[in-house]
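Source file: entry_2.pdb (PDB, C-alpha atoms)
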MODEL        1
ATOM      1  CA  MET A 287     -20.606   1.273   0.242
ATOM      2  CA  ALA A 288     -17.152   2.830   0.524
ATOM      3  CA  THR A 289     -17.252   4.251  -2.992
ATOM      4  CA  ASN A 290     -20.374   6.369  -2.293
ATOM      5  CA  VAL A 291     -21.970   5.368  -5.586
ATOM      6  CA  ALA A 292     -25.538   4.247  -6.163
ATOM      7  CA  VAL A 293     -24.927   0.625  -7.034
ATOM      8  CA  SER A 294     -27.281  -1.796  -8.680
ATOM      9  CA  GLU A 295     -26.894  -5.538  -8.473
ATOM     10  CA  ARG A 296     -25.578  -5.408 -12.050
ATOM     11  CA  THR A 297     -22.781  -2.879 -11.509
ATOM     12  CA  PRO A 298     -19.579  -4.590 -12.652
ATOM     13  CA  LEU A 299     -16.553  -4.762 -10.397
ATOM     14  CA  SER A 300     -14.522  -2.883 -13.014
ATOM     15  CA  VAL A 301     -16.912   0.089 -12.789
ATOM     16  CA  LEU A 302     -16.902   0.064  -8.983
ATOM     17  CA  LEU A 303     -13.101   0.073  -8.876
ATOM     18  CA  PHE A 304     -12.634   2.787 -11.495
ATOM     19  CA  HIS A 305     -15.288   4.927  -9.826
ATOM     20  CA  GLY A 306     -13.616   4.384  -6.459
ATOM     21  CA  ALA A 307     -10.282   5.610  -7.789
ATOM     22  CA  MET A 308     -11.802   8.631  -9.515
ATOM     23  CA  THR A 309     -13.961   9.737  -6.573
ATOM     24  CA  SER A 310     -11.051   9.348  -4.173
ATOM     25  CA  GLY A 311      -9.070  11.766  -6.336
ATOM     26  CA  LYS A 312      -6.215   9.289  -6.535
ATOM     27  CA  SER A 313      -4.322   7.873  -9.451
ATOM     28  CA  ILE A 314      -4.907   4.204 -10.219
ATOM     29  CA  SER A 315      -1.528   3.459  -8.623
ATOM     30  CA  GLU A 316      -2.332   5.460  -5.482
ATOM     31  CA  TYR A 317      -5.748   3.813  -5.201
ATOM     32  CA  ALA A 318      -4.116   0.399  -5.545
ATOM     33  CA  GLN A 319      -1.785   1.337  -2.688
ATOM     34  CA  GLN A 320      -4.781   2.374  -0.601
ATOM     35  CA  LEU A 321      -6.403  -1.010  -1.319
ATOM     36  CA  GLU A 322      -3.060  -2.707  -0.567
ATOM     37  CA  ILE A 323      -2.973  -4.478  -3.925
ATOM     38  CA  GLY A 324      -0.579  -4.091  -6.841
ATOM     39  CA  ALA A 325      -1.212  -1.359  -9.387
ATOM     40  CA  ILE A 326      -0.970  -3.855 -12.256
ATOM     41  CA  SER A 327      -3.555  -6.076 -10.560
ATOM     42  CA  LEU A 328      -5.930  -3.148 -10.099
ATOM     43  CA  ARG A 329      -5.571  -2.138 -13.754
ATOM     44  CA  GLN A 330      -6.303  -5.724 -14.796
ATOM     45  CA  PHE A 331      -9.463  -5.745 -12.660
ATOM     46  CA  ILE A 332     -10.574  -2.413 -14.148
ATOM     47  CA  GLU A 333      -9.907  -3.628 -17.689
ATOM     48  CA  GLY A 334     -11.639  -6.953 -17.010
ATOM     49  CA  ASN A 335      -8.469  -8.915 -17.739
ATOM     50  CA  THR A 336      -8.084 -10.717 -14.408
ATOM     51  CA  GLN A 337      -7.833 -14.464 -14.923
ATOM     52  CA  ARG A 338      -7.152 -16.070 -11.544
ATOM     53  CA  PRO A 339      -7.022 -13.504  -8.752
ATOM     54  CA  ARG A 340      -5.580 -14.421  -5.380
ATOM     55  CA  GLN A 341      -8.035 -14.854  -2.523
ATOM     56  CA  LYS A 342      -6.203 -12.196  -0.500
ATOM     57  CA  THR A 343      -6.619  -9.676  -3.342
ATOM     58  CA  LEU A 344     -10.352 -10.417  -3.570
ATOM     59  CA  ASP A 345     -10.670 -10.041   0.202
ATOM     60  CA  LEU A 346      -8.892  -6.663   0.136
ATOM     61  CA  ILE A 347     -11.106  -5.407  -2.696
ATOM     62  CA  GLY A 348     -14.192  -6.665  -0.886
ATOM     63  CA  ASN A 349     -13.165  -4.856   2.297
ATOM     64  CA  ALA A 350     -12.534  -1.626   0.394
ATOM     65  CA  LEU A 351     -15.889  -1.784  -1.415
ATOM     66  CA  ASP A 352     -17.770  -3.158   1.605
ATOM     67  CA  LEU A 353     -18.735  -6.274  -0.345
ATOM     68  CA  PRO A 354     -18.443  -9.946   0.608
ATOM     69  CA  THR A 355     -15.758 -11.778  -1.350
ATOM     70  CA  ASP A 356     -18.386 -13.934  -3.097
ATOM     71  CA  GLU A 357     -20.037 -10.732  -4.339
ATOM     72  CA  VAL A 358     -16.672  -9.454  -5.616
ATOM     73  CA  ARG A 359     -16.278 -12.697  -7.595
ATOM     74  CA  ARG A 360     -19.816 -12.438  -8.970
ATOM     75  CA  ARG A 361     -19.295  -8.852 -10.082
ATOM     76  CA  MET A 362     -16.013  -9.793 -11.782
ATOM     77  CA  ALA A 363     -18.077 -11.802 -14.250
ATOM     78  CA  ILE A 364     -20.378  -8.891 -15.105
ATOM     79  CA  ALA A 365     -19.288  -6.912 -18.144
ATOM     80  CA  PRO A 366     -20.333  -3.277 -18.476
ATOM     81  CA  GLU A 367     -23.470  -3.196 -20.601
ATOM     82  CA  GLU A 368     -23.368  -1.174 -23.779
ATOM     83  CA  ALA A 369     -20.697   1.049 -22.342
ATOM     84  CA  PRO A 370     -18.135   2.396 -24.775
ATOM     85  CA  SER A 371     -14.466   2.096 -23.976
ATOM     86  CA  PHE A 372     -12.948   5.206 -22.421
ATOM     87  CA  GLY A 373     -11.307   6.050 -25.762
ATOM     88  CA  GLU A 374     -14.621   5.814 -27.620
ATOM     89  CA  TRP A 375     -16.343   7.876 -24.937
ATOM     90  CA  LEU A 376     -13.635  10.556 -25.089
ATOM     91  CA  ASP A 377     -13.684  10.654 -28.886
ATOM     92  CA  GLY A 378     -17.466  11.069 -28.885
ATOM     93  CA  HIS A 379     -17.318  13.935 -26.387
ATOM     94  CA  MET A 380     -14.575  15.632 -28.372
ATOM     95  CA  LYS A 381     -16.641  15.426 -31.563
ATOM     96  CA  ARG A 382     -19.831  16.670 -29.879
ATOM     97  CA  ARG A 383     -17.980  19.653 -28.435
ATOM     98  CA  GLY A 384     -16.005  20.331 -31.597
ATOM     99  CA  LEU A 385     -12.672  19.762 -29.852
ATOM    100  CA  SER A 386      -9.580  18.732 -31.752
ATOM    101  CA  ARG A 387      -6.869  16.791 -29.960
ATOM    102  CA  ALA A 388      -4.647  19.882 -30.113
ATOM    103  CA  LYS A 389      -7.299  22.101 -28.547
ATOM    104  CA  LEU A 390      -8.009  19.559 -25.814
ATOM    105  CA  THR A 391      -4.300  19.275 -24.964
ATOM    106  CA  ARG A 392      -4.095  23.060 -24.618
ATOM    107  CA  GLU A 393      -7.236  23.319 -22.489
ATOM    108  CA  THR A 394      -6.478  20.396 -20.182
ATOM    109  CA  LYS A 395      -2.666  20.568 -20.054
ATOM    110  CA  ILE A 396      -2.619  16.825 -20.851
ATOM    111  CA  SER A 397       0.096  15.809 -23.288
ATOM    112  CA  ASP A 398      -0.809  14.851 -26.828
ATOM    113  CA  GLY A 399       0.834  11.465 -26.284
ATOM    114  CA  ALA A 400      -1.383  10.778 -23.268
ATOM    115  CA  LEU A 401      -4.513  11.751 -25.227
ATOM    116  CA  ARG A 402      -3.458   9.519 -28.130
ATOM    117  CA  ASN A 403      -3.087   6.627 -25.669
ATOM    118  CA  TYR A 404      -6.522   7.304 -24.143
ATOM    119  CA  LEU A 405      -8.156   7.490 -27.571
ATOM    120  CA  ALA A 406      -6.458   4.237 -28.631
ATOM    121  CA  ASN A 407      -7.497   2.540 -25.350
ATOM    122  CA  ARG A 408      -3.885   1.817 -24.442
ATOM    123  CA  THR A 409      -4.094   3.576 -21.062
ATOM    124  CA  LEU A 410      -6.629   5.080 -18.697
ATOM    125  CA  PRO A 411      -6.352   8.532 -17.163
ATOM    126  CA  ASP A 412      -5.619   9.093 -13.508
ATOM    127  CA  ALA A 413      -8.195  10.980 -11.432
ATOM    128  CA  ASP A 414      -6.769  14.437 -12.028
ATOM    129  CA  GLN A 415      -6.492  13.877 -15.793
ATOM    130  CA  ALA A 416     -10.009  12.420 -16.008
ATOM    131  CA  GLN A 417     -11.358  15.429 -14.156
ATOM    132  CA  ARG A 418      -9.688  17.862 -16.560
TER     133      ARG A 418
ENDMDL
END

Show the structure stored in the file as structure tokens.
Amino acid sequence: MATNVAVSERTPLSVLLFHGAMTSGKSISEYAQQLEIGAISLRQFIEGNTQRPRQKTLDLIGNALDLPTDEVRRRMAIAPEEAPSFGEWLDGHMKRRGLSRAKLTRETKISDGALRNYLANRTLPDADQAQR
């Protein structure tokens, strides 16, 4: 598989796509360009908000993930199981490590506004921000 991730039959498409962007070291927008799909479309797939994707988009995603298009469609319907949103995950890690938002902004050089958006689940980080 192009994403180099151990994948079970139950791994949702959203997880495969987000993992692909993060492991490639690209922003969501750059990864979308690599896949030759629109950045907004990719974000909708990652967030599970895709209603009626175009066949061409599904084919491009399938090619990138080395999956048949029917498998891409099947995985679109799989929701991540018991996985917190990124904001919930980040908040939990901050609490466990005793990090305030201010301290995390200083240590990661990520703006407070960006962290607020991540914590509120309004946006997702790009690869470099997620890594920090």

Next item on the list: Give me, please, the distance in Å between atom CA of A:Pro366 and atom CA of A:Thr391, quoted to one decimal.
Entry: 28.4 Å

Notebook entry, point to check: A:Asp356: which residues within 12 Å, counting all atoms listed in the file, same-chain residues fewer than 3 positions away excluded, as number ranges by chain?
Noted result: A: 299, 341, 344-345, 347-349, 352-353, 359-363

Next item on the list: Pick out the residues sitting within 9 Å of A:Ser327, and hand them over as a list in words; count all atoms listed in the file, and ignore anything fewer than 3 positions along from it in its own chain.
Entry: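 So, after excluding close chain neighbours, the residues are Ala318, Ile323, Gly324, Gln330, Phe331, Ile332, Thr336, Pro339 and Thr343 of chain A.
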
Residues picked by the PyMOL selection byres ((chain A and resi 393-408) around 12) here, as an mmCIF file with C-alpha atoms, keeping the file's coordinate frame?
data_model
loop_
_atom_site.group_PDB
_atom_site.id
_atom_site.type_symbol
_atom_site.label_atom_id
_atom_site.label_comp_id
_atom_site.auth_asym_id
_atom_site.auth_seq_id
_atom_site.Cartn_x
_atom_site.Cartn_y
_atom_site.Cartn_z
ATOM 1 C CA ARG A 329 -5.571 -2.138 -13.754
ATOM 2 C CA GLU A 333 -9.907 -3.628 -17.689
ATOM 3 C CA PRO A 370 -18.135 2.396 -24.775
ATOM 4 C CA SER A 371 -14.466 2.096 -23.976
ATOM 5 C CA PHE A 372 -12.948 5.206 -22.421
ATOM 6 C CA GLY A 373 -11.307 6.050 -25.762
ATOM 7 C CA GLU A 374 -14.621 5.814 -27.620
ATOM 8 C CA TRP A 375 -16.343 7.876 -24.937
ATOM 9 C CA LEU A 376 -13.635 10.556 -25.089
ATOM 10 C CA ASP A 377 -13.684 10.654 -28.886
ATOM 11 C CA GLY A 378 -17.466 11.069 -28.885
ATOM 12 C CA HIS A 379 -17.318 13.935 -26.387
ATOM 13 C CA MET A 380 -14.575 15.632 -28.372
ATOM 14 C CA LEU A 385 -12.672 19.762 -29.852
ATOM 15 C CA SER A 386 -9.580 18.732 -31.752
ATOM 16 C CA ARG A 387 -6.869 16.791 -29.960
ATOM 17 C CA ALA A 388 -4.647 19.882 -30.113
ATOM 18 C CA LYS A 389 -7.299 22.101 -28.547
ATOM 19 C CA LEU A 390 -8.009 19.559 -25.814
ATOM 20 C CA THR A 391 -4.300 19.275 -24.964
ATOM 21 C CA ARG A 392 -4.095 23.060 -24.618
ATOM 22 C CA THR A 409 -4.094 3.576 -21.062
ATOM 23 C CA LEU A 410 -6.629 5.080 -18.697
ATOM 24 C CA PRO A 411 -6.352 8.532 -17.163
ATOM 25 C CA ASP A 412 -5.619 9.093 -13.508
ATOM 26 C CA ASP A 414 -6.769 14.437 -12.028
ATOM 27 C CA GLN A 415 -6.492 13.877 -15.793
ATOM 28 C CA ALA A 416 -10.009 12.420 -16.008
ATOM 29 C CA GLN A 417 -11.358 15.429 -14.156
ATOM 30 C CA ARG A 418 -9.688 17.862 -16.560
#

Take every atom of stretch 350-363 of chain A listed in the file, fit an axis-aligned box around them, add 6 Å per side, and give the centre and edge lengths in Å to one decimal as AutoDock Vina command-line options.
--center_x -16.3 --center_y -7.8 --center_z -6.3 --size_x 19.5 --size_y 24.3 --size_z 27.9

Note to self: Rounded to one decimal, what separation in Å do you get between atom CA of A:Pro298 and atom CA of A:Ala365?
What the structure shows: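 Result for atom CA of A:Pro298 versus atom CA of A:Ala365: 6.0 Å, one decimal.
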
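Going from atom CA of A:Leu302 over to atom CA of A:Gln319, you cover 16.4 Å.
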
Next item on the list: Run through the PyMOL selection byres ((chain A and resi 314) around 8) on the given coordinates and return the selected residues as a list in words.
Entry: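 Taken over the shown coordinates, the PyMOL selection byres ((chain A and resi 314) around 8) returns Phe304, Ala307, Lys312, Ser313, Ser315, Glu316, Tyr317, Ala318, Ala325, Leu328, Arg329, Asp412 and Ala413 of chain A.
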
Note to self: My list of candidates is A:Ile364, A:Ile326, A:Lys381, A:Leu351. Which is closest to A:Leu303 when distances are computed with all atoms listed in the file?
What the structure shows: A:Leu351
